[in-house]
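Raw structure_13.csv, CSV, N, CA and C atoms:
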chain,number,residue,atom,x,y,z
A,1,MET,N,0.8,-1.2,0.0
A,1,MET,CA,0.0,0.0,0.0
A,1,MET,C,0.9,1.2,0.0
A,2,LYS,N,0.5,2.2,-0.8
A,2,LYS,CA,1.2,3.5,-0.8
A,2,LYS,C,0.7,4.4,0.3
A,3,LEU,N,1.6,5.1,0.9
A,3,LEU,CA,1.3,6.0,1.9
A,3,LEU,C,1.2,7.4,1.3
A,4,LYS,N,0.0,8.0,1.5
A,4,LYS,CA,-0.2,9.4,0.9
A,4,LYS,C,-0.3,10.3,2.1
A,5,ILE,N,0.5,11.4,2.0
A,5,ILE,CA,0.4,12.4,3.1
A,5,ILE,C,0.1,13.8,2.4
A,6,LYS,N,-0.8,14.5,2.9
A,6,LYS,CA,-1.2,15.8,2.4
A,6,LYS,C,-1.0,16.9,3.4
A,7,PHE,N,-0.3,17.9,3.1
A,7,PHE,CA,0.0,19.0,3.9
A,7,PHE,C,-1.1,20.1,3.7
A,8,ILE,N,-1.8,20.6,4.7
A,8,ILE,CA,-2.8,21.6,4.5
A,8,ILE,C,-2.5,22.7,5.5
A,9,PRO,N,-2.4,24.0,5.0
A,9,PRO,CA,-2.2,25.1,5.8
A,9,PRO,C,-3.5,25.3,6.8
A,10,TYR,N,-3.2,25.7,8.0
A,10,TYR,CA,-4.2,25.9,9.0
A,10,TYR,C,-5.4,26.8,8.4
A,11,GLU,N,-5.0,27.8,7.7
A,11,GLU,CA,-6.0,28.7,7.1
A,11,GLU,C,-7.0,28.1,6.3
A,12,LYS,N,-6.8,26.9,5.8
A,12,LYS,CA,-7.7,26.2,4.9
A,12,LYS,C,-8.6,25.2,5.8
A,13,THR,N,-8.6,25.3,7.1
A,13,THR,CA,-9.3,24.4,7.9
A,13,THR,C,-10.5,25.0,8.6
A,14,ASP,N,-11.2,25.9,8.0
A,14,ASP,CA,-12.4,26.5,8.6
A,14,ASP,C,-13.5,25.4,8.6
A,15,GLY,N,-14.6,25.7,9.2
A,15,GLY,CA,-15.7,24.7,9.3
A,15,GLY,C,-16.2,24.2,8.0
A,16,ASN,N,-16.0,24.9,6.9
A,16,ASN,CA,-16.5,24.5,5.6
A,16,ASN,C,-15.5,23.4,4.9
A,17,SER,N,-14.3,23.3,5.5
A,17,SER,CA,-13.3,22.4,4.9
A,17,SER,C,-13.4,21.0,5.3
A,18,PHE,N,-14.3,20.7,6.3
A,18,PHE,CA,-14.3,19.3,6.9
A,18,PHE,C,-14.8,18.3,5.9
A,19,GLY,N,-15.6,18.7,5.0
A,19,GLY,CA,-16.1,17.7,3.9
A,19,GLY,C,-14.9,17.4,3.0
A,20,ARG,N,-14.1,18.3,2.7
A,20,ARG,CA,-12.9,18.1,1.9
A,20,ARG,C,-11.9,17.2,2.6
A,21,LEU,N,-11.7,17.5,3.9
A,21,LEU,CA,-10.8,16.6,4.7
A,21,LEU,C,-11.3,15.2,4.8
A,22,LEU,N,-12.6,15.0,5.0
A,22,LEU,CA,-13.1,13.7,5.1
A,22,LEU,C,-13.0,12.9,3.8
A,23,LYS,N,-13.2,13.6,2.7
A,23,LYS,CA,-13.0,13.0,1.4
A,23,LYS,C,-11.6,12.5,1.2
A,24,ASP,N,-10.6,13.3,1.6
A,24,ASP,CA,-9.2,12.8,1.5
A,24,ASP,C,-9.0,11.7,2.4
A,25,LEU,N,-9.5,11.7,3.7
A,25,LEU,CA,-9.3,10.7,4.6
A,25,LEU,C,-9.9,9.4,4.1
A,26,LYS,N,-11.0,9.4,3.5
A,26,LYS,CA,-11.7,8.2,2.9
A,26,LYS,C,-10.9,7.6,1.8
A,27,LYS,N,-10.0,8.4,1.2
A,27,LYS,CA,-9.1,8.0,0.1
A,27,LYS,C,-7.8,7.6,0.7
A,28,ASP,N,-7.7,7.2,2.0
A,28,ASP,CA,-6.5,6.7,2.7
A,28,ASP,C,-5.4,7.7,2.7
A,29,THR,N,-5.7,9.0,2.8
A,29,THR,CA,-4.7,10.0,2.9
A,29,THR,C,-4.5,10.5,4.3
A,30,ILE,N,-3.2,10.6,4.8
A,30,ILE,CA,-2.9,11.2,6.1
A,30,ILE,C,-2.7,12.7,5.9
A,31,ILE,N,-3.3,13.4,6.8
A,31,ILE,CA,-3.3,14.9,6.6
A,31,ILE,C,-2.5,15.5,7.8
A,32,LEU,N,-1.6,16.4,7.4
A,32,LEU,CA,-0.8,17.2,8.3
A,32,LEU,C,-1.2,18.7,8.2
A,33,ILE,N,-1.5,19.3,9.3
A,33,ILE,CA,-1.9,20.7,9.4
A,33,ILE,C,-0.8,21.4,10.2
A,34,ASP,N,-0.4,22.6,9.7
A,34,ASP,CA,0.7,23.3,10.2
A,34,ASP,C,0.4,24.1,11.5
A,35,ALA,N,-0.6,23.7,12.3
A,35,ALA,CA,-0.9,24.3,13.5
A,35,ALA,C,-1.8,23.4,14.4
A,36,LYS,N,-1.9,23.7,15.6
A,36,LYS,CA,-2.8,22.9,16.5
A,36,LYS,C,-4.2,23.3,16.3
A,37,LEU,N,-5.1,22.4,15.9
A,37,LEU,CA,-6.5,22.7,15.8
A,37,LEU,C,-7.1,23.1,17.1
A,38,ASN,N,-8.0,24.0,17.1
A,38,ASN,CA,-8.6,24.4,18.3
A,38,ASN,C,-9.6,23.3,18.7
A,39,PRO,N,-10.0,23.2,20.0
A,39,PRO,CA,-10.9,22.2,20.4
A,39,PRO,C,-12.2,22.1,19.7
A,40,GLU,N,-12.8,23.3,19.3
A,40,GLU,CA,-14.0,23.3,18.6
A,40,GLU,C,-13.9,22.7,17.2
A,41,HIS,N,-12.8,22.9,16.5
A,41,HIS,CA,-12.6,22.3,15.2
A,41,HIS,C,-12.4,20.8,15.4
A,42,GLU,N,-11.6,20.4,16.4
A,42,GLU,CA,-11.4,19.0,16.6
A,42,GLU,C,-12.8,18.3,16.9
A,43,ALA,N,-13.6,18.9,17.7
A,43,ALA,CA,-14.9,18.3,18.1
A,43,ALA,C,-15.8,18.2,16.8
A,44,GLU,N,-15.8,19.2,16.0
A,44,GLU,CA,-16.7,19.2,14.8
A,44,GLU,C,-16.2,18.2,13.8
A,45,LEU,N,-14.9,18.0,13.7
A,45,LEU,CA,-14.3,17.0,12.7
A,45,LEU,C,-14.7,15.6,13.2
A,46,ILE,N,-14.6,15.4,14.5
A,46,ILE,CA,-14.9,14.1,15.1
A,46,ILE,C,-16.4,13.8,14.9
A,47,LYS,N,-17.2,14.8,15.1
A,47,LYS,CA,-18.7,14.6,15.0
A,47,LYS,C,-19.0,14.3,13.5
A,48,ARG,N,-18.4,15.0,12.6
A,48,ARG,CA,-18.7,14.7,11.2
A,48,ARG,C,-18.2,13.4,10.7
A,49,THR,N,-17.0,13.0,11.3
A,49,THR,CA,-16.5,11.7,10.9
A,49,THR,C,-17.4,10.6,11.4
A,50,MET,N,-17.9,10.7,12.6
A,50,MET,CA,-18.8,9.7,13.1
A,50,MET,C,-20.0,9.5,12.2
A,51,GLU,N,-20.5,10.5,11.6
A,51,GLU,CA,-21.6,10.4,10.7
A,51,GLU,C,-21.3,9.6,9.4
A,52,HIS,N,-20.0,9.4,9.1
A,52,HIS,CA,-19.5,8.7,7.9
A,52,HIS,C,-18.9,7.4,8.2
A,53,VAL,N,-18.9,6.9,9.4
A,53,VAL,CA,-18.3,5.6,9.8
A,53,VAL,C,-19.2,4.5,9.1
A,54,SER,N,-18.5,3.6,8.5
A,54,SER,CA,-19.2,2.5,7.8
A,54,SER,C,-18.2,1.3,7.8
A,55,GLU,N,-18.6,0.2,7.1
A,55,GLU,CA,-17.7,-0.9,6.9
A,55,GLU,C,-16.5,-0.5,6.1
A,56,LYS,N,-16.6,0.4,5.2
A,56,LYS,CA,-15.5,0.9,4.4
A,56,LYS,C,-14.6,1.9,5.0
A,57,PHE,N,-15.2,2.7,5.9
A,57,PHE,CA,-14.5,3.8,6.6
A,57,PHE,C,-14.7,3.6,8.1
A,58,SER,N,-13.6,3.3,8.8
A,58,SER,CA,-13.7,3.0,10.2
A,58,SER,C,-13.5,4.2,11.1
A,59,GLY,N,-13.2,5.3,10.6
A,59,GLY,CA,-13.0,6.5,11.4
A,59,GLY,C,-11.6,7.1,11.2
A,60,ILE,N,-11.2,7.9,12.2
A,60,ILE,CA,-9.9,8.6,12.1
A,60,ILE,C,-9.2,8.5,13.4
A,61,GLU,N,-7.9,8.7,13.3
A,61,GLU,CA,-7.0,9.0,14.5
A,61,GLU,C,-6.6,10.4,14.3
A,62,LEU,N,-6.6,11.1,15.4
A,62,LEU,CA,-6.3,12.6,15.4
A,62,LEU,C,-5.5,12.9,16.6
A,63,SER,N,-4.5,13.7,16.4
A,63,SER,CA,-3.7,14.2,17.5
A,63,SER,C,-3.0,15.5,17.2
A,64,SER,N,-2.9,16.4,18.1
A,64,SER,CA,-2.2,17.7,17.9
A,64,SER,C,-1.1,17.8,19.0
A,65,ILE,N,-0.1,18.6,18.6
A,65,ILE,CA,0.9,19.0,19.5
A,65,ILE,C,1.1,20.5,19.4
A,66,GLU,N,1.3,21.1,20.6
A,66,GLU,CA,1.6,22.5,20.6
A,66,GLU,C,3.0,22.7,20.9
A,67,LEU,N,3.7,23.6,20.2
A,67,LEU,CA,5.1,23.8,20.3
A,67,LEU,C,5.5,24.6,21.5
A,68,ALA,N,4.6,25.4,22.1
A,68,ALA,CA,4.9,26.1,23.3
A,68,ALA,C,5.0,25.1,24.5
A,69,THR,N,5.9,25.3,25.3
A,69,THR,CA,6.0,24.4,26.5
A,69,THR,C,6.0,25.3,27.8
A,70,LYS,N,5.8,24.6,28.9
A,70,LYS,CA,5.8,25.3,30.2
A,70,LYS,C,7.2,25.9,30.5
A,71,LYS,N,8.2,25.3,29.9
A,71,LYS,CA,9.6,25.8,30.2
A,71,LYS,C,10.0,27.0,29.4
A,72,ASP,N,9.1,27.4,28.4
A,72,ASP,CA,9.4,28.6,27.6
A,72,ASP,C,9.6,29.8,28.5
A,73,SER,N,10.4,30.7,28.1
A,73,SER,CA,10.6,32.0,28.8
A,73,SER,C,9.4,32.8,28.6
A,74,ALA,N,9.3,33.9,29.4
A,74,ALA,CA,8.2,34.8,29.3
A,74,ALA,C,8.1,35.4,28.0
A,75,SER,N,9.3,35.8,27.4
A,75,SER,CA,9.3,36.4,26.1
A,75,SER,C,8.8,35.4,25.0
A,76,ALA,N,9.1,34.1,25.1
A,76,ALA,CA,8.7,33.1,24.2
A,76,ALA,C,7.2,33.0,24.3
A,77,LYS,N,6.7,33.0,25.5
A,77,LYS,CA,5.2,32.8,25.7
A,77,LYS,C,4.5,34.1,25.1
A,78,LEU,N,5.1,35.2,25.3
A,78,LEU,CA,4.5,36.5,24.7
A,78,LEU,C,4.5,36.4,23.2
A,79,MET,N,5.5,35.9,22.6
A,79,MET,CA,5.6,35.7,21.2
A,79,MET,C,4.5,34.8,20.7
A,80,ASP,N,4.3,33.7,21.5
A,80,ASP,CA,3.2,32.7,21.1
A,80,ASP,C,1.8,33.4,21.1
A,81,VAL,N,1.6,34.2,22.2
A,81,VAL,CA,0.3,34.9,22.3
A,81,VAL,C,0.2,35.9,21.1
A,82,LEU,N,1.2,36.6,20.8
A,82,LEU,CA,1.1,37.6,19.6
A,82,LEU,C,0.9,36.8,18.3
A,83,PHE,N,1.6,35.7,18.2
A,83,PHE,CA,1.5,34.9,17.0
A,83,PHE,C,0.0,34.4,16.8
A,84,HIS,N,-0.6,33.9,17.9
A,84,HIS,CA,-1.9,33.5,17.9
A,84,HIS,C,-2.9,34.6,17.6
A,85,LEU,N,-2.7,35.8,18.2
A,85,LEU,CA,-3.6,36.9,18.0
A,85,LEU,C,-3.5,37.4,16.5
A,86,THR,N,-2.3,37.4,16.0
A,86,THR,CA,-2.2,37.9,14.6
A,86,THR,C,-2.5,36.9,13.5
A,87,THR,N,-2.3,35.6,13.7
A,87,THR,CA,-2.5,34.6,12.7
A,87,THR,C,-3.8,33.8,13.0
A,88,GLY,N,-4.2,33.8,14.2
A,88,GLY,CA,-5.4,33.0,14.5
A,88,GLY,C,-5.1,31.5,14.7
A,89,LYS,N,-3.8,31.2,14.7
A,89,LYS,CA,-3.4,29.8,14.9
A,89,LYS,C,-2.4,29.6,16.0
A,90,LYS,N,-2.4,28.4,16.6
A,90,LYS,CA,-1.5,28.1,17.7
A,90,LYS,C,-0.3,27.4,17.0
A,91,ARG,N,0.9,27.8,17.4
A,91,ARG,CA,2.1,27.1,16.9
A,91,ARG,C,2.0,25.6,17.3
A,92,GLY,N,2.2,24.8,16.3
A,92,GLY,CA,2.2,23.3,16.5
A,92,GLY,C,1.9,22.6,15.2
A,93,MET,N,1.3,21.4,15.4
A,93,MET,CA,1.0,20.6,14.3
A,93,MET,C,-0.1,19.6,14.6
A,94,THR,N,-1.0,19.3,13.7
A,94,THR,CA,-2.0,18.3,13.8
A,94,THR,C,-1.9,17.2,12.8
A,95,ILE,N,-2.0,16.0,13.2
A,95,ILE,CA,-2.0,14.9,12.2
A,95,ILE,C,-3.4,14.2,12.3
A,96,ILE,N,-3.9,13.9,11.2
A,96,ILE,CA,-5.2,13.2,11.1
A,96,ILE,C,-5.1,12.1,10.0
A,97,GLY,N,-5.5,10.9,10.3
A,97,GLY,CA,-5.4,9.8,9.4
A,97,GLY,C,-6.5,8.8,9.6
A,98,PRO,N,-6.7,8.0,8.5
A,98,PRO,CA,-7.7,6.9,8.6
A,98,PRO,C,-7.3,5.9,9.7
A,99,ALA,N,-8.3,5.5,10.5
A,99,ALA,CA,-8.0,4.6,11.6
A,99,ALA,C,-7.4,3.3,11.2
A,100,HIS,N,-7.7,2.8,10.0
A,100,HIS,CA,-7.1,1.5,9.6
A,100,HIS,C,-5.7,1.7,9.1
A,101,ILE,N,-5.2,2.9,8.9
A,101,ILE,CA,-3.8,3.1,8.5
A,101,ILE,C,-3.0,3.5,9.7
A,102,ILE,N,-3.4,4.4,10.5
A,102,ILE,CA,-2.7,4.9,11.7
A,102,ILE,C,-3.2,4.0,12.8
A,103,ARG,N,-2.2,3.1,13.3
A,103,ARG,CA,-2.5,2.2,14.3
A,103,ARG,C,-2.5,2.8,15.7
A,104,LYS,N,-1.6,3.8,15.9
A,104,LYS,CA,-1.4,4.4,17.2
A,104,LYS,C,-0.7,5.7,17.1
A,105,ILE,N,-1.0,6.7,17.9
A,105,ILE,CA,-0.3,7.9,18.0
A,105,ILE,C,0.1,8.1,19.4
A,106,GLU,N,1.4,8.1,19.7
A,106,GLU,CA,2.0,8.4,21.0
A,106,GLU,C,2.3,9.9,21.0
A,107,LYS,N,1.9,10.5,22.1
A,107,LYS,CA,2.1,12.0,22.2
A,107,LYS,C,2.8,12.2,23.6
A,108,ASN,N,3.9,13.0,23.5
A,108,ASN,CA,4.5,13.6,24.7
A,108,ASN,C,4.6,15.1,24.4
A,109,PRO,N,5.0,15.9,25.4
A,109,PRO,CA,4.9,17.3,25.2
A,109,PRO,C,5.7,17.9,24.1
A,110,GLU,N,6.7,17.1,23.6
A,110,GLU,CA,7.6,17.7,22.5
A,110,GLU,C,7.5,17.0,21.2
A,111,GLU,N,6.8,15.8,21.1
A,111,GLU,CA,6.7,15.1,19.8
A,111,GLU,C,5.5,14.2,19.7
A,112,LEU,N,5.2,13.9,18.5
A,112,LEU,CA,4.2,12.9,18.2
A,112,LEU,C,4.9,11.7,17.5
A,113,MET,N,4.6,10.5,17.9
A,113,MET,CA,5.1,9.3,17.2
A,113,MET,C,3.9,8.6,16.6
A,114,VAL,N,3.9,8.4,15.3
A,114,VAL,CA,2.8,7.9,14.5
A,114,VAL,C,3.2,6.5,14.1
A,115,TYR,N,2.4,5.5,14.4
A,115,TYR,CA,2.6,4.1,13.9
A,115,TYR,C,1.6,3.8,12.9
A,116,VAL,N,2.1,3.4,11.7
A,116,VAL,CA,1.2,3.0,10.6
A,116,VAL,C,1.3,1.5,10.3

Go through the file and emit its structure as structure tokens.
Amino acid sequence: MKLKIKFIPYEKTDGNSFGRLLKDLKKDTIILIDAKLNPEHEAELIKRTMEHVSEKFSGIELSSIELATKKDSASAKLMDVLFHLTTGKKRGMTIIGPAHIIRKIEKNPEELMVYV
């Protein structure tokens, strides 16, 4: 099986894009987003995914990591806040993939490990 990975800018992940994301996920594509999805977007994506679960599509695995850490200096935290206010996105990354391809995602504060 070929592994397909699609990179999508965070700006393309508004509420109207979930249909497009699901279409790609159903075609066995792993999606990387260049920021951490906000909890509302994650919840909406999971809700819409559940509506499409069938024998052919078993659902998704989803995980996000935020690049800011508790160890960051005050100036780094301020830069993160300014970045979020000006761009609307949190520094980080989100990975979404079909559940039958992504077996497990291990997450720690600094990295994601994806098992396919």

- prompt: Which one of A:Leu45, A:Val116, A:Ile102, A:Ile96 sits closest to Ser17 in chain A if you count only C-alpha atoms?
  reply: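 Smallest separation from Ser17 in chain A among the options: A:Leu45.
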
field: Shell around Ile60 in chain A at 10 Å using only C-alpha atoms, local window under 4 positions removed, as a list in words
entry: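 That gives Leu22, Leu25, Lys26, Ile30, Leu45, Ile46, Thr49, Met50, Val53, Ile96, Gly97, Pro98, Ala99, His100, Ile101 and Ile102 of chain A.
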
message: Between A:Asp34, A:Glu11, A:Lys27, A:Lys4, which residue has the minimum interatomic distance to Lys56 in chain A, considering only C-alpha atoms?
response: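 Going through A:Asp34, A:Glu11, A:Lys27, A:Lys4 one by one, the smallest distance to Lys56 in chain A is for A:Lys27.
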
- request: Just give me the gap between atom C of Ser54 in chain A and atom N of Asp28 in chain A in Å, one decimal is fine.
  value: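 Taking atom C of Ser54 in chain A as the start and atom N of Asp28 in chain A as the end point, the length is 13.4 Å.
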
- prompt: Distance atom C of Leu37 in chain A-atom N of Tyr115 in chain A, one decimal place?
  reply: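 The value is 20.2 Å.
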
message: With DSSP run on the backbone, what are the strand (DSSP E) residues within range 9-84 of chain A? I'd like them as a list in words.
response: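 Of range 9-84 of chain A, only Thr29, Ile30, Ile31, Leu32, Ile33, Asp34, Ala35, Lys36, Ile60, Glu61, Leu62, Ser63, Ser64, Ile65 and Glu66 of chain A fall in strand (DSSP E).
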
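Atom N of Arg91 in chain A is found 6.5 Å from CA of Leu67 in chain A.
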
query: Of the candidates A:His41, A:Ser75, A:Tyr10, A:Ile65, which one gets nearest to Leu112 in chain A if we count only C-alpha atoms?
result: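 That would be A:Ile65, the residue with the smallest distance to Leu112 in chain A.
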
query: So which residues of range 19-113 of chain A fall under alpha helix (DSSP H) by DSSP, listed as a PyMOL selection string?
result: chain A and resi 19-26+39-52+74-87

message: Give me, as a PyMOL selection string, all polymer residues having an atom no more than 12 Å from Glu40 in chain A, counting only C-alpha atoms and skipping those fewer than 6 positions away in the same chain.
response: chain A and resi 13-15+46-47

Nearest to Pro39 in chain A, chosen from A:Gly59, A:Glu111, A:Ser64, A:Lys23, with only C-alpha atoms counted in the distances: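 Smallest separation from Pro39 in chain A among the options: A:Ser64.
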
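A search radius of 6.5 Å centred on (-2.7, 6.3, 15.1), applied to all atoms listed in the file, returns the residues Glu61, Leu62, Ile101, Ile102, Arg103, Lys104, Ile105, Glu106, Val114 and Tyr115 of chain A.
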
Write the residues you've just listed into a file as an mmCIF file, in the frame of the given file, and include N, CA and C atoms for each of them.
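Resulting contents of selection-v1.cif:
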data_model
loop_
_atom_site.group_PDB
_atom_site.id
_atom_site.type_symbol
_atom_site.label_atom_id
_atom_site.label_comp_id
_atom_site.auth_asym_id
_atom_site.auth_seq_id
_atom_site.Cartn_x
_atom_site.Cartn_y
_atom_site.Cartn_z
ATOM 1 N N GLU A 61 -7.900 8.700 13.300
ATOM 2 C CA GLU A 61 -7.000 9.000 14.500
ATOM 3 C C GLU A 61 -6.600 10.400 14.300
ATOM 4 N N LEU A 62 -6.600 11.100 15.400
ATOM 5 C CA LEU A 62 -6.300 12.600 15.400
ATOM 6 C C LEU A 62 -5.500 12.900 16.600
ATOM 7 N N ILE A 101 -5.200 2.900 8.900
ATOM 8 C CA ILE A 101 -3.800 3.100 8.500
ATOM 9 C C ILE A 101 -3.000 3.500 9.700
ATOM 10 N N ILE A 102 -3.400 4.400 10.500
ATOM 11 C CA ILE A 102 -2.700 4.900 11.700
ATOM 12 C C ILE A 102 -3.200 4.000 12.800
ATOM 13 N N ARG A 103 -2.200 3.100 13.300
ATOM 14 C CA ARG A 103 -2.500 2.200 14.300
ATOM 15 C C ARG A 103 -2.500 2.800 15.700
ATOM 16 N N LYS A 104 -1.600 3.800 15.900
ATOM 17 C CA LYS A 104 -1.400 4.400 17.200
ATOM 18 C C LYS A 104 -0.700 5.700 17.100
ATOM 19 N N ILE A 105 -1.000 6.700 17.900
ATOM 20 C CA ILE A 105 -0.300 7.900 18.000
ATOM 21 C C ILE A 105 0.100 8.100 19.400
ATOM 22 N N GLU A 106 1.400 8.100 19.700
ATOM 23 C CA GLU A 106 2.000 8.400 21.000
ATOM 24 C C GLU A 106 2.300 9.900 21.000
ATOM 25 N N VAL A 114 3.900 8.400 15.300
ATOM 26 C CA VAL A 114 2.800 7.900 14.500
ATOM 27 C C VAL A 114 3.200 6.500 14.100
ATOM 28 N N TYR A 115 2.400 5.500 14.400
ATOM 29 C CA TYR A 115 2.600 4.100 13.900
ATOM 30 C C TYR A 115 1.600 3.800 12.900
#

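For the choices A:Leu3, A:Ile95, A:Ser58, A:Asn108, the atom-to-atom distance to Thr29 in chain A is smallest for A:Leu3 when using only C-alpha atoms.
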